[in-house]
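S.K.: Input structure: protein-v7.txt, which contains compact mmCIF, C-alpha atoms and all ligand atoms.
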```
# COMPACT_ATOMS: atom_id res chain seq x y z
CA MET A 1 85.70 57.64 129.62
CA LEU A 2 89.34 56.63 129.70
CA LEU A 3 89.62 57.97 133.22
CA CYS A 4 86.66 55.84 134.42
CA LYS A 5 88.15 52.82 132.74
CA SER A 6 91.50 53.29 134.46
CA LEU A 7 89.86 53.72 137.91
CA LEU A 8 87.85 50.53 137.45
CA PHE A 9 90.96 48.73 136.29
CA THR A 10 92.87 49.98 139.36
CA TYR A 11 90.11 48.83 141.74
CA MET A 12 90.02 45.34 140.27
CA PHE A 13 93.77 45.04 140.15
CA LEU A 14 94.15 46.05 143.80
CA GLY A 15 91.97 43.11 144.79
CA ILE A 16 94.11 40.69 142.76
CA VAL A 17 97.34 42.11 144.21
CA ASP A 18 95.99 41.67 147.75
CA ILE A 19 95.32 38.00 147.10
CA ILE A 20 98.76 37.36 145.50
CA ALA A 21 100.57 39.15 148.36
CA ASP A 22 98.65 37.11 150.96
CA VAL A 23 99.41 33.83 149.21
CA HIS A 24 103.17 34.54 148.94
CA GLY A 25 103.52 36.25 152.33
CA VAL A 26 105.13 39.30 150.67
CA ASN A 27 105.52 42.57 152.62
CA GLN A 28 102.40 44.40 151.44
CA SER A 29 103.67 47.97 151.90
CA SER A 30 106.63 47.63 149.44
CA PHE A 31 104.44 45.67 147.04
CA TYR A 32 101.81 48.42 147.15
CA LEU A 33 104.44 51.11 146.61
CA ILE A 34 105.66 49.51 143.37
CA PHE A 35 102.13 48.89 142.28
CA ARG A 36 101.00 52.46 142.98
CA VAL A 37 103.84 53.84 140.86
CA LEU A 38 102.70 51.62 138.00
CA VAL A 39 99.05 52.69 138.41
CA LEU A 40 99.98 56.37 138.57
CA THR A 41 102.03 56.06 135.36
CA TYR A 42 99.09 54.40 133.65
CA CYS A 43 96.61 57.06 134.87
CA TYR A 44 98.93 59.86 133.77
CA SER A 45 99.19 58.45 130.26
CA SER A 46 95.37 58.07 130.18
CA PHE A 47 95.00 61.75 131.13
CA GLY A 48 97.35 62.63 128.29
CA GLU A 49 95.17 60.74 125.87
CA VAL A 50 92.04 62.49 127.15
CA LYS A 51 93.75 65.87 126.76
CA ASN A 52 94.88 65.10 123.22
CA LYS A 53 91.44 63.83 122.34
CA ASP A 54 89.91 67.12 123.56
CA VAL A 55 92.33 69.07 121.38
CA ARG A 56 91.39 66.94 118.38
CA ILE A 57 87.67 67.51 119.06
CA LEU A 58 88.26 71.28 119.30
CA GLU A 59 90.18 71.19 116.05
CA VAL A 60 87.34 69.38 114.30
CA LEU A 61 84.95 72.01 115.63
CA GLY A 62 87.29 74.72 114.39
CA LEU A 63 87.71 76.09 117.91
CA CYS A 64 91.40 75.48 118.20
CA GLN A 65 94.11 75.70 115.60
CA GLN A 66 97.66 74.54 115.83
CA ASP A 67 99.59 77.51 114.51
CA PRO A 68 103.28 77.84 113.80
CA VAL A 69 103.23 81.62 114.18
CA ASN A 70 103.57 83.19 117.59
CA PHE A 71 100.86 85.85 117.36
CA ARG A 72 100.93 88.94 119.55
CA ARG A 73 97.73 88.27 121.45
CA GLU A 74 97.69 84.51 121.46
CA ASN A 75 93.99 84.01 121.93
CA CYS A 76 92.51 87.24 120.65
CA SER A 77 91.15 85.69 117.46
CA CYS A 78 89.15 83.11 119.43
CA ARG A 79 87.50 85.56 121.77
CA THR A 80 85.11 88.41 121.37
CA ARG A 81 86.33 91.57 122.95
CA ASP A 82 84.03 93.35 125.37
CA MET A 83 82.27 96.20 123.58
CA LEU A 84 82.60 98.68 126.43
CA SER A 85 80.86 101.99 125.85
CA PRO A 86 81.39 104.88 128.27
CA GLN A 87 78.52 105.97 130.50
CA GLY A 88 77.10 109.41 129.69
CA LEU A 89 77.86 109.28 125.97
CA LEU A 90 75.06 111.06 124.14
CA TYR A 91 74.17 110.13 120.58
CA LYS A 92 71.22 109.78 118.23
CA GLN A 93 69.19 106.81 119.34
CA PRO A 94 69.40 103.88 116.90
CA SER A 95 66.15 102.75 115.36
CA VAL A 96 65.01 99.25 114.50
CA LEU A 97 62.61 100.62 111.88
CA LYS A 98 64.54 103.32 110.05
CA GLY A 99 67.83 102.88 108.26
CA ARG A 100 69.38 102.57 104.81
CA THR A 101 66.75 101.34 102.37
CA ASN A 102 68.49 101.51 98.98
CA VAL A 103 71.29 99.10 99.84
CA VAL A 104 71.61 95.73 101.54
CA THR A 105 73.41 96.06 104.85
CA VAL A 106 73.81 92.45 105.91
CA THR A 107 74.85 89.28 104.05
CA PRO A 108 72.77 86.06 104.11
CA TRP A 109 75.32 84.69 106.62
CA LEU A 110 74.70 87.74 108.81
CA ALA A 111 77.94 89.63 108.28
CA PRO A 112 77.42 93.41 108.21
CA ILE A 113 78.00 95.29 104.95
CA VAL A 114 79.38 98.66 105.98
CA TRP A 115 77.80 101.69 104.30
CA GLU A 116 77.48 105.30 105.39
CA GLY A 117 74.46 105.44 107.71
CA THR A 118 74.90 101.90 109.07
CA PHE A 119 77.19 102.92 111.94
CA ASN A 120 77.68 105.83 114.28
CA PRO A 121 81.38 106.90 114.29
CA LEU A 122 80.98 108.38 117.78
CA ILE A 123 79.93 105.04 119.27
CA VAL A 124 82.41 103.05 117.22
CA ASP A 125 85.31 105.28 118.30
CA SER A 126 84.25 105.28 121.95
CA ILE A 127 84.38 101.48 121.94
CA TYR A 128 87.53 100.83 119.92
CA LYS A 129 89.89 103.70 120.71
CA PRO A 130 90.40 102.72 124.37
CA MET A 131 91.44 99.22 123.27
CA HIS A 132 94.87 100.57 122.18
CA LEU A 133 94.92 98.33 119.15
CA SER A 134 97.93 97.97 116.96
CA ILE A 135 97.14 98.11 113.24
CA ALA A 136 99.58 96.83 110.62
CA THR A 137 99.11 98.18 107.10
CA THR A 138 100.95 96.64 104.17
CA VAL A 139 101.42 98.41 100.88
CA PHE A 140 103.51 97.45 97.86
CA ALA A 141 105.29 100.09 95.81
CA VAL A 142 107.38 98.18 93.32
CA GLY A 143 108.94 99.79 90.26
CA LYS A 144 107.15 102.90 89.08
CA TYR A 145 104.34 102.40 91.60
CA VAL A 146 106.55 104.09 94.17
CA ARG A 147 105.22 107.37 92.77
CA PHE A 148 101.82 106.66 94.35
CA LEU A 149 103.23 106.38 97.87
CA ARG A 150 103.19 110.04 98.83
CA ASP A 151 99.50 110.56 98.15
CA PHE A 152 98.66 107.22 99.70
CA LEU A 153 100.51 108.02 102.95
CA GLU A 154 99.51 111.68 103.18
CA THR A 155 95.82 110.94 102.70
CA ALA A 156 96.01 107.91 105.02
CA GLU A 157 97.35 110.19 107.74
CA LYS A 158 94.24 112.37 107.33
CA HIS A 159 91.58 109.65 107.13
CA PHE A 160 92.82 106.13 107.86
CA MET A 161 92.43 104.76 111.41
CA VAL A 162 93.02 108.21 112.87
CA ASP A 163 94.09 108.11 116.54
CA PHE A 164 95.10 104.45 116.26
CA LYS A 165 98.60 103.04 116.36
CA VAL A 166 99.32 102.34 112.69
CA HIS A 167 102.49 100.67 111.46
CA TYR A 168 102.92 100.94 107.69
CA TYR A 169 105.01 98.21 106.07
CA ILE A 170 106.18 99.44 102.69
CA PHE A 171 107.40 96.71 100.37
CA THR A 172 109.56 98.23 97.68
CA ASP A 173 112.56 97.76 95.44
CA ARG A 174 113.17 101.54 95.49
CA ARG A 175 113.95 102.44 99.08
CA GLU A 176 115.60 105.71 98.04
CA ASP A 177 112.36 106.92 96.42
CA VAL A 178 110.15 106.37 99.46
CA PRO A 179 108.92 109.86 100.39
CA ALA A 180 109.40 111.24 103.88
CA VAL A 181 105.85 111.87 105.07
CA VAL A 182 105.14 113.38 108.48
CA LEU A 183 103.25 110.83 110.56
CA ALA A 184 101.07 111.40 113.61
CA PRO A 185 102.41 110.24 117.00
CA GLY A 186 102.13 106.48 117.46
CA ARG A 187 102.38 105.83 113.72
CA ASN A 188 105.50 104.63 111.96
CA VAL A 189 106.93 103.11 108.80
CA THR A 190 109.08 100.06 108.12
CA ILE A 191 110.52 99.52 104.67
CA ILE A 192 110.80 95.92 103.52
CA PRO A 193 113.05 95.45 100.48
CA VAL A 194 111.58 93.21 97.78
CA PRO A 195 112.81 92.32 94.29
CA GLY A 196 111.43 94.04 91.21
CA SER A 197 109.87 92.13 88.35
CA ASN A 198 109.21 92.62 84.68
CA ARG A 199 105.67 91.24 85.02
CA TRP A 200 103.05 93.26 86.92
CA GLN A 201 101.01 90.08 87.37
CA GLU A 202 103.89 88.61 89.34
CA ILE A 203 104.28 91.72 91.51
CA SER A 204 100.59 91.73 92.29
CA SER A 205 100.47 87.98 92.98
CA ARG A 206 103.64 87.70 95.05
CA ARG A 207 102.12 90.06 97.60
CA MET A 208 100.42 87.05 99.18
CA GLU A 209 103.69 85.23 99.77
CA MET A 210 105.46 88.34 101.03
CA ILE A 211 102.66 89.31 103.39
CA GLN A 212 102.58 85.75 104.74
CA THR A 213 106.32 85.86 105.38
CA ALA A 214 106.20 89.33 106.94
CA ILE A 215 103.44 88.19 109.30
CA GLU A 216 105.54 85.19 110.33
CA ASN A 217 108.71 87.24 110.80
CA GLN A 218 107.41 90.42 112.35
CA ILE A 219 103.80 91.54 112.02
CA GLY A 220 102.36 88.53 113.84
CA LYS A 221 104.26 89.51 116.98
CA GLU A 222 103.33 93.19 116.83
CA ALA A 223 99.82 93.78 115.54
CA ASP A 224 96.23 92.96 116.41
CA TYR A 225 94.76 93.71 113.00
CA ILE A 226 96.19 94.01 109.52
CA PHE A 227 95.08 95.87 106.39
CA CYS A 228 96.61 95.00 103.02
CA LEU A 229 96.01 97.84 100.58
CA ASP A 230 96.80 98.80 96.98
CA VAL A 231 99.12 101.79 96.66
CA ASP A 232 97.67 103.47 93.56
CA THR A 233 94.93 104.88 95.75
CA LYS A 234 93.94 107.83 97.90
CA PHE A 235 91.78 108.19 101.00
CA HIS A 236 89.04 110.79 100.72
CA GLY A 237 86.94 110.17 103.81
CA ARG A 238 86.84 108.44 107.17
CA TRP A 239 88.12 104.86 107.26
CA GLY A 240 87.91 103.92 110.93
CA ALA A 241 87.29 101.13 113.42
CA GLU A 242 83.96 100.29 111.76
CA THR A 243 86.14 98.27 109.36
CA LEU A 244 87.63 96.03 112.07
CA SER A 245 86.59 92.41 112.20
CA ARG A 246 88.02 88.92 112.01
CA LEU A 247 88.06 88.62 108.21
CA VAL A 248 87.17 91.66 106.14
CA ALA A 249 86.67 91.83 102.36
CA THR A 250 85.62 94.68 100.11
CA ILE A 251 83.11 94.59 97.29
CA HIS A 252 84.77 95.46 93.99
CA PRO A 253 83.26 98.70 92.63
CA GLY A 254 83.12 97.30 89.12
CA TYR A 255 80.78 94.41 89.89
CA TYR A 256 78.44 95.26 92.75
CA GLU A 257 75.55 95.86 90.37
CA HIS A 258 76.06 92.54 88.58
CA THR A 259 75.13 88.93 89.29
CA HIS A 260 77.78 86.25 89.63
CA GLU A 261 77.59 84.95 86.08
CA HIS A 262 79.11 88.29 85.05
CA TYR A 263 81.95 88.21 87.58
CA PRO A 264 85.48 87.68 86.24
CA TYR A 265 85.87 84.53 88.39
CA GLU A 266 88.33 81.92 87.18
CA ARG A 267 86.20 79.52 85.15
CA ARG A 268 88.79 76.96 84.05
CA PRO A 269 88.65 73.83 86.22
CA ALA A 270 92.39 73.37 85.69
CA SER A 271 93.10 76.36 87.93
CA ARG A 272 92.97 76.15 91.71
CA ALA A 273 90.97 79.39 91.63
CA TYR A 274 88.14 77.71 89.71
CA ILE A 275 84.61 78.64 90.71
CA PRO A 276 81.90 76.60 88.97
CA ALA A 277 79.04 78.35 87.18
CA GLY A 278 76.05 78.93 89.43
CA GLU A 279 78.16 79.64 92.55
CA GLY A 280 79.12 83.01 93.97
CA ASP A 281 78.32 85.72 96.51
CA TYR A 282 79.96 89.07 95.74
CA TYR A 283 83.02 89.90 93.67
CA TYR A 284 85.71 91.07 96.07
CA GLY A 285 88.53 93.46 95.13
CA GLY A 286 92.12 92.41 95.67
CA ALA A 287 92.98 95.98 96.67
CA THR A 288 91.80 95.69 100.28
CA ILE A 289 91.96 92.67 102.57
CA ALA A 290 91.87 92.96 106.33
CA GLY A 291 91.20 91.25 109.61
CA TYR A 292 92.86 89.63 112.58
CA VAL A 293 96.50 88.99 111.76
CA ARG A 294 95.95 85.27 112.29
CA ASP A 295 93.08 85.12 109.80
CA VAL A 296 94.83 87.17 107.15
CA HIS A 297 97.87 84.95 107.59
CA LYS A 298 95.70 81.92 106.85
CA LEU A 299 94.26 83.62 103.77
CA THR A 300 97.61 84.73 102.35
CA LYS A 301 99.12 81.30 102.98
CA TYR A 302 96.20 79.67 101.16
CA CYS A 303 96.41 82.03 98.18
CA ARG A 304 100.18 81.65 97.97
CA GLU A 305 99.88 77.86 97.92
CA GLN A 306 97.20 77.96 95.22
CA LEU A 307 99.19 80.43 93.12
CA GLU A 308 102.23 78.15 93.36
CA ALA A 309 100.19 75.07 92.47
CA ASP A 310 98.82 76.87 89.41
CA ALA A 311 102.30 78.01 88.42
CA ALA A 312 103.55 74.41 88.66
CA ASN A 313 100.77 73.47 86.22
CA SER A 314 101.60 76.41 83.93
CA ILE A 315 98.31 78.17 84.51
CA GLU A 316 97.68 81.71 85.76
CA ALA A 317 94.22 82.55 87.11
CA ALA A 318 92.23 85.22 85.27
CA TRP A 319 93.00 87.92 87.86
CA GLN A 320 95.95 86.34 89.63
CA GLU A 321 95.72 86.59 93.44
CA GLU A 322 92.32 88.30 93.22
CA SER A 323 90.88 85.12 91.64
CA HIS A 324 92.28 82.93 94.42
CA LEU A 325 91.07 85.45 96.99
CA ASN A 326 87.56 85.24 95.58
CA ARG A 327 87.57 81.47 95.75
CA TYR A 328 88.84 81.54 99.33
CA LEU A 329 86.18 84.02 100.39
CA LEU A 330 83.40 82.04 98.73
CA TYR A 331 84.14 79.06 100.96
CA ASN A 332 85.51 80.98 103.98
CA LYS A 333 82.89 83.68 104.43
CA PRO A 334 84.15 87.07 105.58
CA THR A 335 82.87 88.28 108.92
CA LYS A 336 82.47 91.86 107.67
CA ILE A 337 82.15 93.32 104.19
CA LEU A 338 83.07 96.83 103.19
CA SER A 339 80.81 98.46 100.62
CA PRO A 340 82.31 100.07 97.50
CA GLU A 341 82.61 103.30 99.54
CA TYR A 342 85.83 101.67 100.75
CA LEU A 343 87.08 100.77 97.27
CA TRP A 344 86.09 103.09 94.47
CA GLN A 345 87.74 103.93 91.17
CA ASP A 346 88.29 107.56 90.19
CA PHE A 347 87.07 107.00 86.66
CA LYS A 348 83.64 105.89 87.91
CA ALA A 349 80.89 108.46 88.42
CA LYS A 350 79.48 108.63 91.95
CA ASN A 351 75.94 107.31 92.32
CA ASN A 352 73.05 107.25 94.78
CA GLU A 353 74.13 104.21 96.77
CA VAL A 354 77.63 105.46 97.40
CA GLN A 355 77.02 108.50 99.60
CA ILE A 356 80.67 109.00 100.39
CA ILE A 357 83.85 107.83 98.66
CA ARG A 358 86.39 106.93 101.32
CA PHE A 359 89.14 105.22 99.34
CA SER A 360 89.59 105.22 95.61
CA GLN A 361 91.94 103.86 92.99
CA VAL A 362 93.48 106.78 91.09
CA ASN A 363 93.41 106.96 87.31
CA LYS A 364 96.67 105.66 85.96
CA ASN A 365 98.23 105.15 82.62
CA TYR A 366 98.68 101.39 82.70
CA ALA A 367 101.00 101.41 79.72
CA GLU A 368 103.25 103.88 81.46
CA VAL A 369 103.40 102.51 85.03
CA ARG A 370 103.38 98.79 84.44
CA PRO A 371 106.43 96.88 83.28
CA ASN A 372 104.14 94.95 80.89
CA VAL A 373 100.53 95.81 80.14
CA LYS A 374 97.26 93.93 80.17
CA LYS A 375 93.88 95.31 79.15
CA ARG A 376 92.12 96.75 82.22
CA LYS A 377 89.01 95.24 83.72
C1 LIG A 401 93.23 94.97 90.49
C2 LIG A 401 93.05 95.00 91.98
C3 LIG A 401 94.40 94.70 92.59
C4 LIG A 401 94.90 93.33 92.17
C5 LIG A 401 94.92 93.22 90.67
C6 LIG A 401 95.13 91.77 90.29
C7 LIG A 401 91.30 96.50 92.82
C8 LIG A 401 90.76 97.88 92.77
N1 LIG A 401 92.54 96.34 92.29
O1 LIG A 401 93.98 96.16 90.25
O2 LIG A 401 94.33 94.72 93.99
O3 LIG A 401 94.07 92.33 92.72
O4 LIG A 401 93.71 93.68 90.06
O5 LIG A 401 95.31 91.60 88.98
O6 LIG A 401 90.69 95.61 93.36
N2 LIG A 401 102.09 96.83 92.13
C9 LIG A 401 103.35 97.42 92.20
N3 LIG A 401 104.10 97.54 91.07
C10 LIG A 401 103.64 97.11 89.85
C11 LIG A 401 102.37 96.52 89.77
C12 LIG A 401 101.62 96.40 90.93
O7 LIG A 401 103.79 97.82 93.27
O8 LIG A 401 104.36 97.28 88.85
C13 LIG A 401 101.30 96.66 93.37
C14 LIG A 401 100.71 98.00 93.83
O9 LIG A 401 100.61 98.00 95.21
C15 LIG A 401 99.35 97.99 93.19
C16 LIG A 401 98.98 96.52 93.33
O10 LIG A 401 100.20 95.80 93.13
O11 LIG A 401 98.48 98.86 93.87
C17 LIG A 401 97.94 96.01 92.33
O12 LIG A 401 98.33 96.27 91.01
P1 LIG A 401 97.45 97.16 90.04
O13 LIG A 401 96.89 98.31 90.82
O14 LIG A 401 98.22 97.50 88.85
O15 LIG A 401 96.30 96.16 89.65
P2 LIG A 401 94.83 96.56 89.06
O16 LIG A 401 94.76 98.01 88.82
O17 LIG A 401 94.47 95.66 87.93
```
Output the structure of this file as structure tokens.

M.R.:
Amino acid sequence: MLLCKSLLFTYMFLGIVDIIADVHGVNQSSFYLIFRVLVLTYCYSSFGEVKNKDVRILEVLGLCQQDPVNFRRENCSCRTRDMLSPQGLLYKQPSVLKGRTNVVTVTPWLAPIVWEGTFNPLIVDSIYKPMHLSIATTVFAVGKYVRFLRDFLETAEKHFMVDFKVHYYIFTDRREDVPAVVLAPGRNVTIIPVPGSNRWQEISSRRMEMIQTAIENQIGKEADYIFCLDVDTKFHGRWGAETLSRLVATIHPGYYEHTHEHYPYERRPASRAYIPAGEGDYYYGGATIAGYVRDVHKLTKYCREQLEADAANSIEAAWQEESHLNRYLLYNKPTKILSPEYLWQDFKAKNNEVQIIRFSQVNKNYAEVRPNVKKRK
């Protein structure tokens, strides 16, 4: 529109200039030269406006975000990768009629819920392994929690994103106690020193801020995807590329059989994590968050800001960062959801829905490992 306007303006103005030049007997070629420079300057600034306007429209549509972090693959979060599958790969034909019947495998906003039997690892691997993806994995081992690292790392090497490039980022205040675990080729560890704390709630909550900072300083430049995992856990079964997506959350094993009025959402309006009665999808565990680095950065930044706002008002959400996470995910729907197969708790008996336990929180003596203790959920 602006461009049309400027062309029309130019056309009309040329006519006027012709008349003035004729009347005053001025040399037309030098007059035109000056005039053209002026017109070009005007047109250029109009183009600029059009370009800026387009950017603003894209922003409103959520198609373009101005981002301070220089992410590794600048545009990867805006584009869908080609799902290339090799010719000649033989596998059991998928059916549109037969599948899991005792669990729900898709959300009402059409994000898949990943359960055993909803994906074929052979196909998934054939698509994702050739992409040479770089996977960052953050884990916090602060204070006595460093004791969980060995099992976490050793079992991850057996089951977690096998054959992918995995970079573990271990956040700890006890560098000297980090165990030396043999890693497969293409996988490595970076230790990030963090301060200790005498409140476990603070350690758990400050993960958001520290992950945000680590993404800005390092991870954003190196990785395609990121997983943020609890350390007091072990892998027991395959955790592969079926878990990759833009924003991935995991259903908390303690609440998947309940309706939202029984979730431990933050119910005090004074907290930024507040979720009003009557609202809710699933209750997500704080132990596993994943997705494109850019999207997890946005999430951690949001949670950090909300945690800080609450702290400034002397309020702490019912389950710290997990409460803010649940609010974020209620209004920013995840693109993929992992079933409780991907987040179990050792003290819970296995049941019919959970055909395989892939990742589970170990039993721990809270009074012994935490600097201060709170009754468990
Ligand atoms: C739940 C969540 C956890 C977190 C927490 C929030 C699940 C299964 N777990 O677990 O992710 O949202 O509630 O209240 O969803 N940590 C240390 N040192 C400490 C304390 C914690 O390193 O002294 C780290 C460690 O990585 C640990 C994580 O913080 O795995 C979460 O702490 P937790 O496991 O004690 O929290 P928990 O069991 O209540």

S.K.: Choose the residue, out of A:Ile123, A:Ile357, A:Ala318, A:Leu149, that has the smallest atom-to-atom separation from Pro94 (chain A); count all atoms listed in the file.

M.R.: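 Of A:Ile123, A:Ile357, A:Ala318, A:Leu149, the one nearest Pro94 (chain A), counting all atoms listed in the file, is A:Ile123.
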
S.K.: Could you work out how far CA of Met161 (chain A) lies from CA of Pro121 (chain A), giving the answer in Å with one decimal?

M.R.: 11.6 Å

S.K.: Would you compute the box with edges along x, y and z of the file around region 169-182 of chain A, including every atom the file lists for it and 4 Å extra on each side, and give its centre and edge lengths in Å to one decimal, as lines of an AutoDock Vina configuration file?

M.R.:
```
center_x = 110.3
center_y = 105.0
center_z = 102.0
size_x = 18.6
size_y = 24.7
size_z = 21.0
```

S.K.: Within 7 Å of ligand LIG 401 (chain A), counting only C-alpha atoms and all ligand atoms: which residues, as a ChimeraX atom specification?

M.R.: /A:139-146,200-201,203-204,230-232,252,285-288,319-322,343,345,361,369-371,376-377

S.K.: Between CA of Tyr284 (chain A) and CA of His132 (chain A), what is the distance, to one decimal in Å?

M.R.: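 These two atoms are separated by 29.3 Å.
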
S.K.: Would you mind reading off the distance between CA of Pro112 (chain A) and CA of Thr335 (chain A), one decimal, in Å?

M.R.: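 Atom-to-atom, CA of Pro112 (chain A) to CA of Thr335 (chain A), that is 7.5 Å.
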
S.K.: Which residue, A:Lys129, A:Arg174, A:Lys158, A:Arg100, has the smallest gap to Ser85 (chain A) when you use all atoms listed in the file?

M.R.: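 Residue with the minimum atom-to-atom distance to Ser85 (chain A): A:Lys129.
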
S.K.: Do a neighbour search on Ser134 (chain A) at 6 Å with all atoms listed in the file, toss out local chain neighbours closer than 5 positions, and write the hits as a list in words.

M.R.: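 Everything that qualifies: Lys165, Ala223 and Asp224 of chain A.
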
S.K.: Which is closer to Pro185 (chain A) than all the others in A:Val362, A:Thr172, A:Ala214, A:Val166, using all atoms listed in the file?

M.R.: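 Among A:Val362, A:Thr172, A:Ala214, A:Val166, it is A:Val166 that comes nearest to Pro185 (chain A).
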
S.K.: When distances are computed from only C-alpha atoms, which of A:Tyr256, A:Ala312, A:Phe359, A:Lys298 shows the smallest separation from Leu329 (chain A)?

M.R.: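 Answer, going by the shortest atom-to-atom distance: A:Lys298.
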
S.K.: Nearest residue to Asp346 (chain A) out of A:Phe235, A:Tyr283, A:Tyr263, A:Phe160, using all atoms listed in the file?

M.R.: A:Phe235

S.K.: Looking at all atoms listed in the file, which of A:Thr243, A:Asn102, A:Ser205, A:Thr118 is the one that sits closest to Gln306 (chain A)?

M.R.: A:Ser205

S.K.: Could you check which residues have any atom within 9 Å of (93.9, 109.7, 104.7), counting all atoms listed in the file with coordinates taken straight from the file, and then list them as a list in words?

M.R.: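 Answer for this query, in the requested form: Asp151, Phe152, Leu153, Glu154, Thr155, Ala156, Glu157, Lys158, His159, Phe160, Met161, Val162, Lys234, Phe235, His236, Gly237, Arg238, Trp239, Arg358 and Phe359 of chain A.
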